Amino acid sequence: MYQTSELVAQRIESYCRTWRLWIENAEGVISGDSIMSADSSMQATSLSDDIELGAVCSQSWNMTISDTETAFLGKEYDTYLYLVDYETNGILADEKIPMGRFTCVKSKKSGGSVQLTMADKLYFSDKPYVPHIPMPNWNKAVEDDICRQLVLQNGNDYTEVRLLRDKNGRRLIDKNGKVLYSKYFYFKVSSVPKDVTMRQMLSYLASAQGQFGYVDRYGKYVRKWYGKPVKTLDNNTIDLPTLSERQNVIVGIICKVSDDVTLSLGVTDTTQGRVLEFENPYMTESLLQSLWRRIGGFSWYTTELYHRLGDPRFDIGDVVTYTNGTDSYDIPITNLGFTFDGGLSADISAVGLSVEEQL
């Protein structure tokens, strides 16, 4: 979740607010009333009905702009949202909230306006991956290579020391009483599968670490998994949500490594809970154990909700808590779409199989 000043945070949660979009590149700025309306689409899963390991989804904006003179197609823009300062008619607290870096991939003029489709660099990742580095090589080198080919900065920190923990958050200790830790999940990529795309390779690298990948609001490629709740929502700012009857709980994982090799951990009986199934030719038993410690036991409610006071500080992969005054529900944001027209609202969902589909 993006952090703002206290003044901006208070106004975000107020019904007395006016939003403006701002896009800029080296050629100039377009903002204010020139951007008439817009909507965005962001996902942490490529599946329509379930949470996913290794999803690598491109994010996009559709905008209607009252500017028919500028040539937008193929150009890259930094995109921001800001709140109007009612006293100066300028930018409240001089703070613009970054929403991402996008390239115009479609442009259609109609009357006195132009409709733009803006997408991040992962939009171009469905091309075949041809390594520009010697193989075999480490996963970091492969990830860096793909990011360079996409002209995308790799924002993943491979130097960060991580304490290994079990699903309850307890530190893992070996038989001699030493605390176990890892400098990330390093592994060797032996070769590149035939006809594999850059998106598929990034997916393999992400799923091997128990994560999904996306381009963040600064235009960097990052990976993450769902963490602790960042905010509580109630009926004052959202319409009544649609919630699943049962809580989803990840009880097992099954990974197809090849036609002859399948690895699994946890419970593989789908009647006992959610079992995530995926393919990864680089999976090993040790990698599977490491990612299982990260995701095993993760629970959530399948949810759809309309956030009347759309909050641009939210990122996909954030977890919010919904409370109705009696009960609370943790909701991982797997899909997030903003609608802008001077106001800002959001559609938030946490996908997951229905009760009937789990029976």
# chains A, B, ... in the order shown; residues from 1 in each chain; ligands from 1
$ residues_around --residues "A:Thr197" --least-positions-apart "5" --cutoff "6 Å" --atoms "only C-alpha atoms" --output "count of residues only"
4
$ residues_around --residues "A:Glu76" --least-positions-apart "3" --cutoff "10 Å" --atoms "only C-alpha atoms" --output "list in words"
Ile23, Glu24, Asn25, Ala26, Phe72, Leu73, Thr79, Arg101, Phe102, Thr103, Cys104, Val105, Met118, Ala119, Asp120 and Lys121 of chain A
$ select_by_dssp --residues "stretch 140-325 of chain A" --states "strand (DSSP E)" --output "ChimeraX atom specification"
/A:153-154,162-163,181-182,188-189,212-215,220-224,229-233,242-243,248-256,262-266,274-279,299-300,303-307,319-323
$ closest_atom_pairs --of "stretch 105-155 of chain A" --to "stretch 62-71 of chain A" --cutoff "12 Å" --atoms "only C-alpha atoms" --output "Markdown table"
| residue | atom | partner | partner_atom | distance |
| --- | --- | --- | --- | --- |
| A:Val105 | CA | A:Asn62 | CA | 10.3 |
| A:Lys106 | CA | A:Asn62 | CA | 9.4 |
| A:Ser107 | CA | A:Ala71 | CA | 8.6 |
| A:Lys108 | CA | A:Thr68 | CA | 9.4 |
| A:Lys109 | CA | A:Thr68 | CA | 6.7 |
| A:Ser110 | CA | A:Thr68 | CA | 8.6 |
| A:Gly111 | CA | A:Thr68 | CA | 8.6 |
| A:Gly112 | CA | A:Ser66 | CA | 6.1 |
| A:Ser113 | CA | A:Ser66 | CA | 4.3 |
| A:Val114 | CA | A:Ile65 | CA | 5.4 |
| A:Gln115 | CA | A:Thr64 | CA | 4.6 |
| A:Leu116 | CA | A:Met63 | CA | 5.1 |
| A:Thr117 | CA | A:Asn62 | CA | 4.6 |
| A:Met118 | CA | A:Asn62 | CA | 6.2 |
| A:Ala119 | CA | A:Asn62 | CA | 8.9 |
$ write_last_selection --atoms "C-alpha atoms" --output "PDB file, in the first residue's frame"
ATOM      1  CA  VAL A 105      -0.686   0.775 -27.527  1.00  0.00           C
ATOM      2  CA  LYS A 106      -3.967   1.957 -29.092  1.00  0.00           C
ATOM      3  CA  SER A 107      -5.230   5.405 -30.055  1.00  0.00           C
ATOM      4  CA  LYS A 108      -8.610   6.197 -31.636  1.00  0.00           C
ATOM      5  CA  LYS A 109      -9.896   9.692 -32.377  1.00  0.00           C
ATOM      6  CA  SER A 110     -13.600  10.427 -32.220  1.00  0.00           C
ATOM      7  CA  GLY A 111     -15.014  13.945 -32.535  1.00  0.00           C
ATOM      8  CA  GLY A 112     -13.138  16.237 -30.214  1.00  0.00           C
ATOM      9  CA  SER A 113     -11.514  13.527 -28.114  1.00  0.00           C
ATOM     10  CA  VAL A 114      -9.170  10.573 -28.355  1.00  0.00           C
ATOM     11  CA  GLN A 115      -9.515   7.169 -26.661  1.00  0.00           C
ATOM     12  CA  LEU A 116      -6.229   5.699 -25.496  1.00  0.00           C
ATOM     13  CA  THR A 117      -5.266   2.244 -24.296  1.00  0.00           C
ATOM     14  CA  MET A 118      -2.144   2.411 -22.132  1.00  0.00           C
ATOM     15  CA  ALA A 119      -0.290  -0.744 -21.015  1.00  0.00           C
TER      16      ALA A 119
END
$ residues_around --residues "stretch 145-160 of chain A" --least-positions-apart "6" --cutoff "8 Å" --atoms "only C-alpha atoms" --output "JSON, numbers by chain"
{"A": [121, 122, 124, 125, 129, 131, 132, 133, 183, 184, 198, 202, 219, 220, 221, 222, 223]}
$ closest_atom_pairs --of "stretch 258-356 of chain A" --to "stretch 207-215 of chain A" --cutoff "9 Å" --atoms "only C-alpha atoms" --output "tab-separated table"
residue	atom	partner	partner_atom	distance
A:Phe278	CA	A:Ser207	CA	8.2
A:Glu279	CA	A:Ser207	CA	8.7
A:Asn280	CA	A:Ala208	CA	7.2
A:Tyr282	CA	A:Ala208	CA	7.4
A:Met283	CA	A:Ala208	CA	6.1
A:Thr284	CA	A:Ala208	CA	8.6
A:Leu287	CA	A:Ala208	CA	6.5
A:Leu288	CA	A:Ala208	CA	7.2
A:Ser290	CA	A:Gln209	CA	7.6
A:Leu291	CA	A:Gly210	CA	4.7
A:Trp292	CA	A:Gly210	CA	7.4
A:Arg294	CA	A:Gly210	CA	6.8
A:Ile295	CA	A:Gly210	CA	6.8
A:Ile316	CA	A:Tyr214	CA	8.8
A:Gly317	CA	A:Phe212	CA	8.8
$ write_last_selection --atoms "all heavy atoms" --output "compact mmCIF listing (two decimals), in the first residue's frame"
# COMPACT_ATOMS: atom_id res chain seq x y z
N PHE A 278 0.20 -26.22 -10.57
CA PHE A 278 0.89 -25.41 -11.56
C PHE A 278 2.02 -26.22 -12.19
O PHE A 278 2.36 -27.32 -11.72
CB PHE A 278 1.44 -24.12 -10.93
CG PHE A 278 2.46 -24.33 -9.83
CD1 PHE A 278 3.81 -24.11 -10.05
CD2 PHE A 278 2.07 -24.75 -8.56
CE1 PHE A 278 4.75 -24.30 -9.06
CE2 PHE A 278 3.00 -24.93 -7.54
CZ PHE A 278 4.34 -24.72 -7.80
N GLU A 279 2.61 -25.68 -13.26
CA GLU A 279 3.72 -26.33 -13.94
C GLU A 279 4.97 -25.48 -13.81
O GLU A 279 4.90 -24.26 -13.90
CB GLU A 279 3.39 -26.53 -15.43
CG GLU A 279 2.23 -27.47 -15.69
CD GLU A 279 2.01 -27.73 -17.17
OE1 GLU A 279 2.90 -27.34 -17.98
OE2 GLU A 279 0.97 -28.30 -17.53
N ASN A 280 6.11 -26.14 -13.57
CA ASN A 280 7.38 -25.42 -13.51
C ASN A 280 8.52 -26.41 -13.75
O ASN A 280 8.78 -27.27 -12.91
CB ASN A 280 7.54 -24.74 -12.14
CG ASN A 280 8.70 -23.76 -12.14
OD1 ASN A 280 9.75 -24.00 -12.71
ND2 ASN A 280 8.50 -22.64 -11.47
N TYR A 282 11.60 -26.02 -13.51
CA TYR A 282 12.77 -25.78 -12.67
C TYR A 282 12.52 -26.12 -11.19
O TYR A 282 13.40 -25.90 -10.36
CB TYR A 282 13.20 -24.31 -12.79
CG TYR A 282 13.35 -23.88 -14.22
CD1 TYR A 282 12.51 -22.91 -14.77
CD2 TYR A 282 14.31 -24.46 -15.06
CE1 TYR A 282 12.63 -22.53 -16.09
CE2 TYR A 282 14.43 -24.08 -16.39
CZ TYR A 282 13.58 -23.12 -16.90
OH TYR A 282 13.70 -22.74 -18.22
N MET A 283 11.35 -26.64 -10.89
CA MET A 283 11.01 -26.91 -9.50
C MET A 283 11.83 -28.07 -8.96
O MET A 283 12.06 -29.07 -9.64
CB MET A 283 9.52 -27.22 -9.38
CG MET A 283 9.03 -27.37 -7.93
SD MET A 283 9.36 -25.91 -6.93
CE MET A 283 8.32 -24.71 -7.75
N THR A 284 12.28 -27.90 -7.72
CA THR A 284 12.96 -28.96 -6.98
C THR A 284 12.25 -29.16 -5.66
O THR A 284 11.42 -28.33 -5.25
CB THR A 284 14.43 -28.58 -6.71
OG1 THR A 284 14.47 -27.42 -5.85
CG2 THR A 284 15.17 -28.27 -8.00
N LEU A 287 13.05 -26.19 -3.32
CA LEU A 287 12.31 -24.99 -3.69
C LEU A 287 10.85 -25.11 -3.28
O LEU A 287 10.25 -24.15 -2.78
CB LEU A 287 12.40 -24.74 -5.19
CG LEU A 287 13.63 -24.01 -5.73
CD1 LEU A 287 13.58 -23.96 -7.25
CD2 LEU A 287 13.71 -22.60 -5.16
N LEU A 288 10.27 -26.29 -3.51
CA LEU A 288 8.87 -26.50 -3.18
C LEU A 288 8.65 -26.36 -1.67
O LEU A 288 7.65 -25.77 -1.23
CB LEU A 288 8.40 -27.86 -3.66
CG LEU A 288 6.88 -28.06 -3.74
CD1 LEU A 288 6.30 -27.20 -4.86
CD2 LEU A 288 6.52 -29.52 -3.98
N SER A 290 10.44 -24.53 0.36
CA SER A 290 10.59 -23.12 0.71
C SER A 290 9.33 -22.32 0.39
O SER A 290 8.87 -21.52 1.21
CB SER A 290 11.79 -22.52 -0.04
OG SER A 290 13.00 -23.11 0.38
N LEU A 291 8.77 -22.53 -0.81
CA LEU A 291 7.58 -21.76 -1.15
C LEU A 291 6.37 -22.23 -0.35
O LEU A 291 5.46 -21.45 -0.06
CB LEU A 291 7.32 -21.79 -2.66
CG LEU A 291 6.74 -23.04 -3.32
CD1 LEU A 291 5.21 -23.02 -3.27
CD2 LEU A 291 7.18 -23.10 -4.78
N TRP A 292 6.34 -23.51 0.02
CA TRP A 292 5.23 -24.01 0.83
C TRP A 292 5.20 -23.33 2.20
O TRP A 292 4.13 -23.02 2.74
CB TRP A 292 5.34 -25.52 0.98
CG TRP A 292 4.29 -26.14 1.86
CD1 TRP A 292 4.47 -26.86 3.01
CD2 TRP A 292 2.86 -26.10 1.67
NE1 TRP A 292 3.29 -27.26 3.55
CE2 TRP A 292 2.27 -26.81 2.75
CE3 TRP A 292 2.05 -25.54 0.70
CZ2 TRP A 292 0.90 -26.96 2.86
CZ3 TRP A 292 0.66 -25.68 0.83
CH2 TRP A 292 0.12 -26.40 1.90
N ARG A 294 5.94 -20.38 2.69
CA ARG A 294 5.41 -19.05 2.48
C ARG A 294 3.89 -19.05 2.31
O ARG A 294 3.19 -18.18 2.82
CB ARG A 294 6.06 -18.41 1.25
CG ARG A 294 5.41 -17.11 0.80
CD ARG A 294 6.15 -16.49 -0.36
NE ARG A 294 7.41 -15.91 0.10
CZ ARG A 294 8.35 -15.46 -0.70
NH1 ARG A 294 8.20 -15.55 -2.00
NH2 ARG A 294 9.45 -14.93 -0.22
N ILE A 295 3.34 -20.02 1.56
CA ILE A 295 1.93 -19.93 1.18
C ILE A 295 1.04 -20.94 1.88
O ILE A 295 -0.18 -20.80 1.87
CB ILE A 295 1.76 -20.07 -0.34
CG1 ILE A 295 2.05 -21.52 -0.77
CG2 ILE A 295 2.67 -19.11 -1.10
CD1 ILE A 295 1.69 -21.79 -2.22
N ILE A 316 -2.31 -4.27 -6.15
CA ILE A 316 -2.67 -5.68 -6.21
C ILE A 316 -1.72 -6.44 -5.28
O ILE A 316 -0.55 -6.08 -5.12
CB ILE A 316 -2.60 -6.24 -7.65
CG1 ILE A 316 -1.22 -6.00 -8.26
CG2 ILE A 316 -3.72 -5.70 -8.50
CD1 ILE A 316 -1.01 -6.78 -9.55
N GLY A 317 -2.24 -7.47 -4.65
CA GLY A 317 -1.45 -8.21 -3.68
C GLY A 317 -1.60 -7.70 -2.26
O GLY A 317 -1.20 -8.38 -1.31
$ atom_distance --atom1 "atom CA of A:Ile348" --atom2 "atom CA of A:Ala206"
23.4 Å
$ closest_residue --among "A:Ser46, A:Tyr322, A:Glu304, A:Ile254" --to "A:Ser203" --atoms "only C-alpha atoms"
A:Ser46
$ residues_around --residues "A:Ala44" --least-positions-apart "2" --cutoff "10 Å" --atoms "only C-alpha atoms" --output "list of chain:residue names"
A:Met42, A:Ser46, A:Leu47, A:Ile51, A:Glu52, A:Leu53, A:Gly54, A:Ala55, A:Val56, A:Cys57, A:Ser58, A:Gln59, A:Gln211, A:Phe212, A:Gly213, A:Tyr214, A:Lys224, A:Trp225, A:Tyr226, A:Asp315, A:Ile316, A:Gly317, A:Pro332, A:Ile333, A:Thr334, A:Asn335, A:Leu336, A:Ala350, A:Val351
$ select_by_dssp --residues "stretch 169-325 of chain A" --states "helix (DSSP H, G or I)" --output "PDB file with N, CA and C atoms, in the first residue's frame"
ATOM      1  N   MET A 198       8.677 -14.757 -22.971  1.00  0.00           N
ATOM      2  CA  MET A 198       9.261 -14.043 -21.830  1.00  0.00           C
ATOM      3  C   MET A 198       8.302 -14.058 -20.641  1.00  0.00           C
ATOM      4  N   ARG A 199       7.001 -13.932 -20.907  1.00  0.00           N
ATOM      5  CA  ARG A 199       6.025 -13.978 -19.821  1.00  0.00           C
ATOM      6  C   ARG A 199       6.048 -15.353 -19.131  1.00  0.00           C
ATOM      7  N   GLN A 200       6.130 -16.419 -19.911  1.00  0.00           N
ATOM      8  CA  GLN A 200       6.157 -17.760 -19.321  1.00  0.00           C
ATOM      9  C   GLN A 200       7.404 -17.971 -18.482  1.00  0.00           C
ATOM     10  N   MET A 201       8.549 -17.463 -18.957  1.00  0.00           N
ATOM     11  CA  MET A 201       9.777 -17.612 -18.180  1.00  0.00           C
ATOM     12  C   MET A 201       9.682 -16.837 -16.869  1.00  0.00           C
ATOM     13  N   LEU A 202       9.168 -15.616 -16.931  1.00  0.00           N
ATOM     14  CA  LEU A 202       8.987 -14.854 -15.691  1.00  0.00           C
ATOM     15  C   LEU A 202       8.032 -15.581 -14.751  1.00  0.00           C
ATOM     16  N   SER A 203       7.030 -16.240 -15.310  1.00  0.00           N
ATOM     17  CA  SER A 203       6.073 -16.999 -14.507  1.00  0.00           C
ATOM     18  C   SER A 203       6.759 -18.160 -13.799  1.00  0.00           C
ATOM     19  N   TYR A 204       7.619 -18.886 -14.513  1.00  0.00           N
ATOM     20  CA  TYR A 204       8.351 -19.992 -13.890  1.00  0.00           C
ATOM     21  C   TYR A 204       9.217 -19.477 -12.729  1.00  0.00           C
ATOM     22  N   LEU A 205       9.908 -18.364 -12.958  1.00  0.00           N
ATOM     23  CA  LEU A 205      10.787 -17.812 -11.924  1.00  0.00           C
ATOM     24  C   LEU A 205       9.989 -17.338 -10.717  1.00  0.00           C
ATOM     25  N   ALA A 206       8.801 -16.786 -10.970  1.00  0.00           N
ATOM     26  CA  ALA A 206       7.967 -16.293  -9.865  1.00  0.00           C
ATOM     27  C   ALA A 206       7.336 -17.442  -9.082  1.00  0.00           C
ATOM     28  N   SER A 207       6.788 -18.435  -9.788  1.00  0.00           N
ATOM     29  CA  SER A 207       6.115 -19.535  -9.087  1.00  0.00           C
ATOM     30  C   SER A 207       7.109 -20.370  -8.289  1.00  0.00           C
ATOM     31  N   THR A 270      -8.576 -32.463  -2.889  1.00  0.00           N
ATOM     32  CA  THR A 270      -9.213 -31.161  -3.091  1.00  0.00           C
ATOM     33  C   THR A 270     -10.492 -30.987  -2.282  1.00  0.00           C
ATOM     34  N   THR A 271     -11.027 -32.056  -1.720  1.00  0.00           N
ATOM     35  CA  THR A 271     -12.218 -31.919  -0.874  1.00  0.00           C
ATOM     36  C   THR A 271     -11.862 -31.353   0.496  1.00  0.00           C
ATOM     37  N   GLN A 272     -10.559 -31.320   0.814  1.00  0.00           N
ATOM     38  CA  GLN A 272     -10.119 -30.845   2.125  1.00  0.00           C
ATOM     39  C   GLN A 272      -9.770 -29.358   2.136  1.00  0.00           C
ATOM     40  N   GLU A 285      12.580 -30.232  -4.967  1.00  0.00           N
ATOM     41  CA  GLU A 285      11.950 -30.481  -3.671  1.00  0.00           C
ATOM     42  C   GLU A 285      12.269 -29.373  -2.670  1.00  0.00           C
ATOM     43  N   SER A 286      13.514 -28.886  -2.672  1.00  0.00           N
ATOM     44  CA  SER A 286      13.882 -27.838  -1.713  1.00  0.00           C
ATOM     45  C   SER A 286      13.169 -26.528  -2.027  1.00  0.00           C
ATOM     46  N   LEU A 287      13.052 -26.195  -3.321  1.00  0.00           N
ATOM     47  CA  LEU A 287      12.308 -24.988  -3.688  1.00  0.00           C
ATOM     48  C   LEU A 287      10.850 -25.106  -3.284  1.00  0.00           C
ATOM     49  N   LEU A 288      10.273 -26.290  -3.512  1.00  0.00           N
ATOM     50  CA  LEU A 288       8.867 -26.496  -3.177  1.00  0.00           C
ATOM     51  C   LEU A 288       8.647 -26.357  -1.674  1.00  0.00           C
ATOM     52  N   GLN A 289       9.573 -26.880  -0.882  1.00  0.00           N
ATOM     53  CA  GLN A 289       9.453 -26.754   0.571  1.00  0.00           C
ATOM     54  C   GLN A 289       9.542 -25.295   1.012  1.00  0.00           C
ATOM     55  N   SER A 290      10.436 -24.530   0.359  1.00  0.00           N
ATOM     56  CA  SER A 290      10.592 -23.123   0.712  1.00  0.00           C
ATOM     57  C   SER A 290       9.334 -22.322   0.394  1.00  0.00           C
ATOM     58  N   LEU A 291       8.769 -22.532  -0.806  1.00  0.00           N
ATOM     59  CA  LEU A 291       7.579 -21.759  -1.150  1.00  0.00           C
ATOM     60  C   LEU A 291       6.368 -22.231  -0.350  1.00  0.00           C
ATOM     61  N   TRP A 292       6.339 -23.509   0.020  1.00  0.00           N
ATOM     62  CA  TRP A 292       5.229 -24.008   0.835  1.00  0.00           C
ATOM     63  C   TRP A 292       5.204 -23.327   2.201  1.00  0.00           C
ATOM     64  N   ARG A 293       6.405 -23.047   2.748  1.00  0.00           N
ATOM     65  CA  ARG A 293       6.466 -22.339   4.025  1.00  0.00           C
ATOM     66  C   ARG A 293       5.875 -20.937   3.893  1.00  0.00           C
ATOM     67  N   ARG A 294       5.940 -20.384   2.689  1.00  0.00           N
ATOM     68  CA  ARG A 294       5.406 -19.050   2.476  1.00  0.00           C
ATOM     69  C   ARG A 294       3.888 -19.051   2.307  1.00  0.00           C
ATOM     70  N   ILE A 295       3.344 -20.016   1.562  1.00  0.00           N
ATOM     71  CA  ILE A 295       1.932 -19.929   1.180  1.00  0.00           C
ATOM     72  C   ILE A 295       1.039 -20.941   1.884  1.00  0.00           C
TER      73      ILE A 295
END
$ closest_residue --among "A:Leu344, A:Val249, A:Val320, A:Ala9" --to "A:Leu21" --atoms "only C-alpha atoms"
A:Leu344
$ atom_distance --atom1 "atom CA of A:Leu243" --atom2 "atom CA of A:Tyr301"
6.4 Å
$ residues_around --residues "A:Gly296" --least-positions-apart "5" --cutoff "8 Å" --atoms "only C-alpha atoms" --output "VMD selection string"
chain A and resid 167 250 to 252 266
$ atom_distance --atom1 "atom CA of A:Val319" --atom2 "atom CA of A:Ile331"
5.4 Å
$ closest_residue --among "A:Leu92, A:Met99, A:Leu305, A:Val267" --to "A:Tyr80" --atoms "only C-alpha atoms"
A:Met99
